[in-house]
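Source file: upload-v5.cif (mmCIF, C-alpha atoms)
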data_input
#
loop_
_atom_site.label_atom_id
_atom_site.label_comp_id
_atom_site.auth_asym_id
_atom_site.auth_seq_id
_atom_site.Cartn_x
_atom_site.Cartn_y
_atom_site.Cartn_z
CA PHE A 1 40.14 32.19 152.91
CA TYR A 2 38.35 35.52 153.10
CA ASN A 3 34.95 36.00 154.77
CA ARG A 4 32.82 39.16 155.07
CA ALA A 5 29.51 39.77 156.86
CA PHE A 6 27.23 42.73 156.06
CA ALA A 7 24.31 44.32 157.98
CA PHE A 8 24.22 41.85 160.88
CA ASP A 9 23.16 43.13 164.30
CA SER A 10 25.57 40.77 166.05
CA VAL A 11 28.79 39.17 164.81
CA VAL A 12 31.11 36.76 166.66
CA GLY A 13 34.52 35.78 165.29
CA TYR A 14 36.50 32.84 166.66
CA GLY A 15 40.27 32.61 166.66
CA THR A 16 42.70 30.11 168.15
CA LYS A 17 44.79 31.13 171.13
CA GLY A 18 48.52 30.83 170.56
CA ASN A 19 48.36 31.19 166.77
CA GLY A 20 49.02 34.93 166.74
CA ASP A 21 45.47 35.73 165.63
CA LEU A 22 44.59 39.43 165.52
CA ALA A 23 41.15 41.06 165.70
CA LYS A 24 40.46 44.72 164.83
CA LEU A 25 37.19 46.19 166.09
CA TYR A 26 35.87 49.59 164.96
CA GLY A 27 33.16 51.67 166.57
CA ASN A 28 30.46 53.79 164.96
CA PRO A 29 32.04 57.27 164.69
CA ALA A 30 28.62 58.95 164.88
CA GLU A 31 27.56 57.29 168.17
CA ALA A 32 28.96 56.42 171.58
CA ASN A 33 30.53 52.95 171.67
CA LEU A 34 31.58 50.54 174.41
CA PHE A 35 34.62 48.26 174.19
CA GLU A 36 34.98 45.52 176.80
CA SER A 37 38.12 43.40 176.80
CA HIS A 38 39.11 40.27 178.69
CA PRO A 39 42.06 37.93 178.14
CA GLU A 40 39.83 35.49 176.26
CA HIS A 41 37.62 37.88 174.30
CA GLY A 42 36.81 41.46 173.35
CA THR A 43 33.50 43.07 172.40
CA MET A 44 32.68 46.36 170.69
CA SER A 45 29.05 47.42 170.90
CA GLY A 46 26.86 50.42 170.33
CA LYS A 47 23.45 51.45 169.04
CA GLY A 48 22.16 48.56 166.95
CA TYR A 49 25.29 46.40 166.80
CA SER A 50 27.66 44.11 168.71
CA VAL A 51 30.92 42.59 167.43
CA ARG A 52 32.79 40.03 169.53
CA ALA A 53 36.23 38.46 169.05
CA GLU A 54 36.74 35.15 170.87
CA SER A 55 40.13 33.53 171.58
CA TYR A 56 42.32 36.02 169.73
CA ASP A 57 45.84 36.72 170.98
CA GLN A 58 45.45 40.42 170.17
CA VAL A 59 42.33 42.56 170.09
CA LEU A 60 42.70 46.14 168.83
CA ALA A 61 39.70 48.45 169.22
CA ARG A 62 39.38 51.91 167.70
CA GLY A 63 36.93 54.55 168.85
CA THR A 64 36.45 58.20 167.94
CA LYS A 65 37.66 61.00 170.21
CA GLY A 66 34.87 63.25 171.39
CA SER A 67 32.11 60.68 170.75
CA GLY A 68 31.85 59.58 174.38
CA ASP A 69 33.40 56.18 173.69
CA VAL A 70 34.20 54.05 176.76
CA ALA A 71 36.62 51.14 177.16
CA LYS A 72 36.53 48.67 180.04
CA MET A 73 39.61 46.47 180.24
CA TYR A 74 39.85 43.45 182.55
CA ASP A 75 42.90 41.50 183.68
CA ASP A 76 43.66 37.80 183.94
CA PRO A 77 42.63 36.99 187.53
CA ASN A 78 45.24 34.21 187.67
CA GLY A 79 48.23 36.13 186.29
CA VAL A 80 50.27 39.31 186.52
CA ASP A 81 49.05 42.02 184.16
CA MET A 82 50.04 45.50 183.01
CA LEU A 83 47.80 48.42 182.06
CA VAL A 84 49.37 51.33 180.16
CA ALA A 85 47.09 54.37 179.79
CA LYS A 86 47.81 57.36 177.55
CA PRO A 87 45.48 60.09 176.24
CA THR A 88 45.33 58.54 172.77
CA TYR A 89 45.39 54.82 173.62
CA SER A 90 45.42 52.30 176.46
CA ARG A 91 46.55 48.70 176.49
CA MET A 92 46.12 45.81 178.92
CA TYR A 93 48.30 42.76 178.51
CA GLY A 94 49.57 39.68 180.28
CA GLU A 95 50.53 36.11 179.52
CA GLY A 96 48.87 35.07 176.26
CA TYR A 97 46.88 38.21 175.49
CA TYR A 98 47.16 41.85 174.39
CA ASN A 99 44.18 44.22 174.24
CA GLN A 100 44.35 47.84 173.07
CA ALA A 101 41.81 50.67 173.00
CA THR A 102 42.65 53.66 170.77
CA TYR A 103 40.84 57.03 170.74
CA PHE A 104 38.46 56.30 173.61
CA ASP A 105 37.43 59.25 175.80
CA THR A 106 37.24 57.22 179.01
CA VAL A 107 39.12 54.04 179.94
CA TYR A 108 38.49 51.82 182.96
CA GLY A 109 41.05 49.18 183.97
CA TYR A 110 40.20 46.40 186.41
CA ALA A 111 42.80 44.22 188.14
CA THR A 112 42.53 41.38 190.63
CA PRO A 113 43.79 42.36 194.11
CA GLY A 114 46.69 40.25 195.31
CA GLN A 115 48.16 39.56 191.86
CA TYR A 116 50.74 42.40 191.86
CA ASP A 117 49.31 43.94 188.71
CA SER A 118 50.78 47.27 187.57
CA VAL A 119 49.38 50.36 185.89
CA ARG A 120 51.23 53.17 184.10
CA MET A 121 49.40 56.46 183.52
CA TYR A 122 50.66 59.26 181.28
CA ASP A 123 49.45 62.84 181.12
CA ASN A 124 48.60 65.10 178.22
CA PRO A 125 51.89 66.98 177.72
CA ALA A 126 50.05 70.01 176.32
CA GLY A 127 47.58 70.53 179.18
CA LYS A 128 46.90 70.47 182.92
CA ASP A 129 46.22 67.05 184.40
CA THR A 130 45.02 65.76 187.76
CA LEU A 131 45.75 62.43 189.42
CA ASP A 132 43.86 61.05 192.42
CA ALA A 133 45.33 57.83 193.76
CA SER A 134 44.41 55.69 196.75
CA PRO A 135 45.59 52.16 197.63
CA ASN A 136 42.85 50.55 195.51
CA LEU A 137 41.82 53.22 193.02
CA ALA A 138 43.61 55.67 190.72
CA MET A 139 42.07 58.26 188.41
CA MET A 140 43.82 60.58 186.00
CA SER A 141 42.13 63.12 183.77
CA GLY A 142 42.81 66.11 181.56
CA ASP A 143 41.57 67.76 178.41
CA GLY A 144 39.70 65.13 176.38
CA TYR A 145 40.57 62.02 178.37
CA ALA A 146 40.04 60.18 181.65
CA TYR A 147 41.31 56.87 182.99
CA GLN A 148 40.43 54.92 186.08
CA ALA A 149 42.33 51.89 187.40
CA GLU A 150 41.00 49.71 190.18
CA GLY A 151 42.66 46.87 192.13
CA PHE A 152 46.24 47.39 190.89
CA TRP A 153 49.05 46.83 193.37
CA GLU A 154 51.49 49.25 191.73
CA LEU A 155 50.82 52.64 190.14
CA LYS A 156 53.33 54.82 188.33
CA ALA A 157 52.01 58.10 186.93
CA TYR A 158 53.98 60.43 184.68
CA ALA A 159 53.41 64.17 184.25
CA THR A 160 55.16 66.68 181.96
CA SER A 161 57.63 69.10 183.52
CA GLY A 162 56.52 72.73 183.32
CA GLN A 163 52.79 72.03 183.47
CA ASP A 164 50.57 72.70 186.51
CA ASP A 165 49.81 69.02 187.00
CA VAL A 166 48.47 67.94 190.40
CA ALA A 167 48.76 64.57 192.16
CA ASN A 168 46.63 63.76 195.22
CA LEU A 169 47.86 60.66 197.05
CA TYR A 170 45.53 59.09 199.60
CA ASP A 171 46.86 56.81 202.33
CA SER A 172 45.42 53.61 203.77
CA VAL A 173 44.25 52.88 207.31
CA ALA A 174 47.52 51.00 207.94
CA ASN A 175 51.00 52.40 208.47
CA ASP A 176 52.18 54.04 205.25
CA GLN A 177 55.39 55.69 204.12
CA PHE A 178 55.48 58.90 202.09
CA VAL A 179 58.72 60.00 200.41
CA SER A 180 58.99 63.12 198.26
CA PHE A 181 61.71 64.56 196.02
CA PRO A 182 61.55 67.29 193.35
CA GLU A 183 61.30 64.73 190.54
CA TYR A 184 59.09 62.11 192.16
CA ALA A 185 57.05 61.12 195.20
CA VAL A 186 56.03 57.74 196.61
CA LEU A 187 53.27 56.64 198.99
CA LYS A 188 53.42 52.97 199.88
CA ASN A 189 53.13 50.08 202.28
CA ALA A 190 53.25 46.30 201.83
CA ASP A 191 49.87 46.28 200.08
CA PHE A 192 50.29 49.08 197.54
CA TYR A 193 52.92 51.22 195.83
CA ASN A 194 51.94 54.55 194.25
CA LYS A 195 54.66 56.62 192.61
CA VAL A 196 54.33 59.87 190.66
CA TYR A 197 56.89 61.62 188.46
CA ARG A 198 57.32 65.30 187.57
CA PHE A 199 54.04 66.58 189.01
CA ARG A 200 54.34 70.23 190.01
CA TYR A 201 52.06 69.76 193.01
CA VAL A 202 51.89 66.60 195.13
CA LEU A 203 49.52 66.40 198.09
CA SER A 204 49.68 63.51 200.55
CA LEU A 205 46.25 63.17 202.15
CA ILE A 206 46.28 61.26 205.42
CA HIS A 207 43.32 59.34 206.87
CA ILE A 208 40.91 60.61 204.25
CA SER A 209 38.55 58.27 202.40
CA GLU A 210 39.50 57.30 198.85
CA PRO A 211 38.62 59.73 196.06
CA THR A 212 35.07 59.83 194.75
CA ARG A 213 34.63 58.31 191.31
CA PRO A 214 33.78 61.22 189.01
CA TYR A 215 33.12 59.03 185.93
#

Take the structure I supplied and represent it as structure tokens, if you would.
Amino acid sequence: FYNRAFAFDSVVGYGTKGNGDLAKLYGNPAEANLFESHPEHGTMSGKGYSVRAESYDQVLARGTKGSGDVAKMYDDPNGVDMLVAKPTYSRMYGEGYYNQATYFDTVYGYATPGQYDSVRMYDNPAGKDTLDASPNLAMMSGDGYAYQAEGFWELKAYATSGQDDVANLYDSVANDQFVSFPEYAVLKNADFYNKVYRFRYVLSLIHISEPTRPY
């Protein structure tokens, strides 16, 4: 079968979990768009439209760089999930689902505390990047992109050697351990694990409140 819908303000498509169904959602390149993804559904919306994919195994959303597009990606609160964030695309996945946001200017990832979810953040290899990471919140930004991850137990952030990238690691109110080598640094305790690779400057900030959300 082949179905098409034209000029509707709102469209909902229904798949069947476990059948390998794939949904592709596209934003309006002339306007700012919002993509919200959950394990069971994903929605792309903007001025005058909303498109929702229900019960698809994979949801792939495409925005337009420089249009102010935003993606908000949510985990499975009952499972272990992974968020991978890069300047051109981000993906959140876990058991039974895979959601990807491509060419979004800002990406927010939300995990459920206590589930040992992980996030991987990658820099722009051609520019200067800044990471701010606390036990519950991590933000990385550079030219043309920004990501924010909240509630993840483990963070690993990767910079490019030779750039003036900066990592600010904020401790908790408990007893934490900071270990630093030329190639990587770790700040951790039993409740969080933040590790950074190849940042030129790493600052460990003790007993300071978590970074302010700039976006």

Select from segment 129-151 of chain A every residue with an atom at most 12 Å from any atom of segment 158-181 of chain A, then for each give the shortest pair of atoms and their distance in Å to one decimal, using all atoms listed in the file, rows by chain and rising number, as CSV.
residue,atom,partner,partner_atom,distance
A:Asp129,CA,A:Asp165,CA,4.9
A:Thr130,CA,A:Val166,CA,4.9
A:Leu131,CA,A:Ala167,CA,4.6
A:Asp132,CA,A:Asn168,CA,4.8
A:Ala133,CA,A:Leu169,CA,5.0
A:Ser134,CA,A:Tyr170,CA,4.6
A:Pro135,CA,A:Ser172,CA,6.3
A:Asn136,CA,A:Ser172,CA,9.2
A:Leu137,CA,A:Tyr170,CA,9.6
A:Ala138,CA,A:Leu169,CA,9.1
A:Met139,CA,A:Asn168,CA,9.9
A:Met140,CA,A:Ala167,CA,8.8
A:Ser141,CA,A:Asp165,CA,10.2
A:Gly142,CA,A:Asp165,CA,9.3
A:Asp143,CA,A:Asp165,CA,12.0

Q. Could you state the separation of atom CA of Tyr97 of chain A and atom CA of Glu40 of chain A in Å, given to one decimal place?
A.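 A separation of 7.6 Å between them.
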
Q. Skipping near chain neighbours, those fewer than 3 positions away, what residues fall within 8 Å of Tyr93 of chain A using all atoms listed in the file, listed as a PyMOL selection string?
A. chain A and resi 39+75+81-83+97-99

What would the file look like if the residues just selected were written as a PDB file, in the frame of the given file with C-alpha atoms?
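The file below, selection_25.pdb, is the result:
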ATOM      1  CA  PRO A  39      42.060  37.930 178.140  1.00  0.00           C
ATOM      2  CA  ASP A  75      42.900  41.500 183.680  1.00  0.00           C
ATOM      3  CA  ASP A  81      49.050  42.020 184.160  1.00  0.00           C
ATOM      4  CA  MET A  82      50.040  45.500 183.010  1.00  0.00           C
ATOM      5  CA  LEU A  83      47.800  48.420 182.060  1.00  0.00           C
ATOM      6  CA  TYR A  97      46.880  38.210 175.490  1.00  0.00           C
ATOM      7  CA  TYR A  98      47.160  41.850 174.390  1.00  0.00           C
ATOM      8  CA  ASN A  99      44.180  44.220 174.240  1.00  0.00           C
TER       9      ASN A  99
END

Q. Written as a list in words, which residues does the PyMOL selection byres ((chain A and resi 145) around 8) give for the file shown?
A. Pro87, Phe104, Asp105, Thr106, Ser141, Gly142, Asp143, Gly144, Ala146 and Tyr147 of chain A

(Q) Measuring between only C-alpha atoms, which one of A:Tyr103, A:Tyr14, A:Tyr56, A:Phe152 shows the shortest distance to Asp117 of chain A? (A)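 Answer, going by the shortest atom-to-atom distance: A:Phe152.
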
C-alpha atoms of segment 62-95 of chain A, written as a compact mmCIF listing (two decimals), in the first residue's frame:
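Full text of out.txt as output:
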# COMPACT_ATOMS: atom_id res chain seq x y z
CA ARG A 62 15.66 16.22 9.99
CA GLY A 63 15.89 19.93 10.71
CA THR A 64 17.78 22.77 9.04
CA LYS A 65 20.98 24.17 10.53
CA GLY A 66 20.72 27.85 11.38
CA SER A 67 16.90 27.85 11.56
CA GLY A 68 16.75 27.64 15.35
CA ASP A 69 15.46 24.06 15.32
CA VAL A 70 15.27 22.33 18.72
CA ALA A 71 15.16 18.62 19.57
CA LYS A 72 14.06 17.24 22.93
CA MET A 73 14.86 13.56 23.38
CA TYR A 74 13.51 11.49 26.28
CA ASP A 75 14.65 8.11 27.58
CA ASP A 76 12.79 4.98 28.61
CA PRO A 77 12.28 5.50 32.36
CA ASN A 78 12.33 1.73 32.91
CA GLY A 79 15.46 0.88 30.91
CA VAL A 80 19.08 1.76 30.26
CA ASP A 81 19.51 4.28 27.46
CA MET A 82 22.28 5.96 25.48
CA LEU A 83 22.42 9.49 24.07
CA VAL A 84 25.07 10.27 21.46
CA ALA A 85 25.37 13.97 20.59
CA LYS A 86 27.40 15.37 17.69
CA PRO A 87 27.26 18.78 15.98
CA THR A 88 25.39 17.40 12.98
CA TYR A 89 23.15 14.79 14.62
CA SER A 90 22.10 13.28 17.95
CA ARG A 91 20.53 9.94 18.69
CA MET A 92 18.82 8.44 21.74
CA TYR A 93 18.27 4.71 21.86
CA GLY A 94 17.51 1.83 24.17
CA GLU A 95 15.67 -1.47 24.16
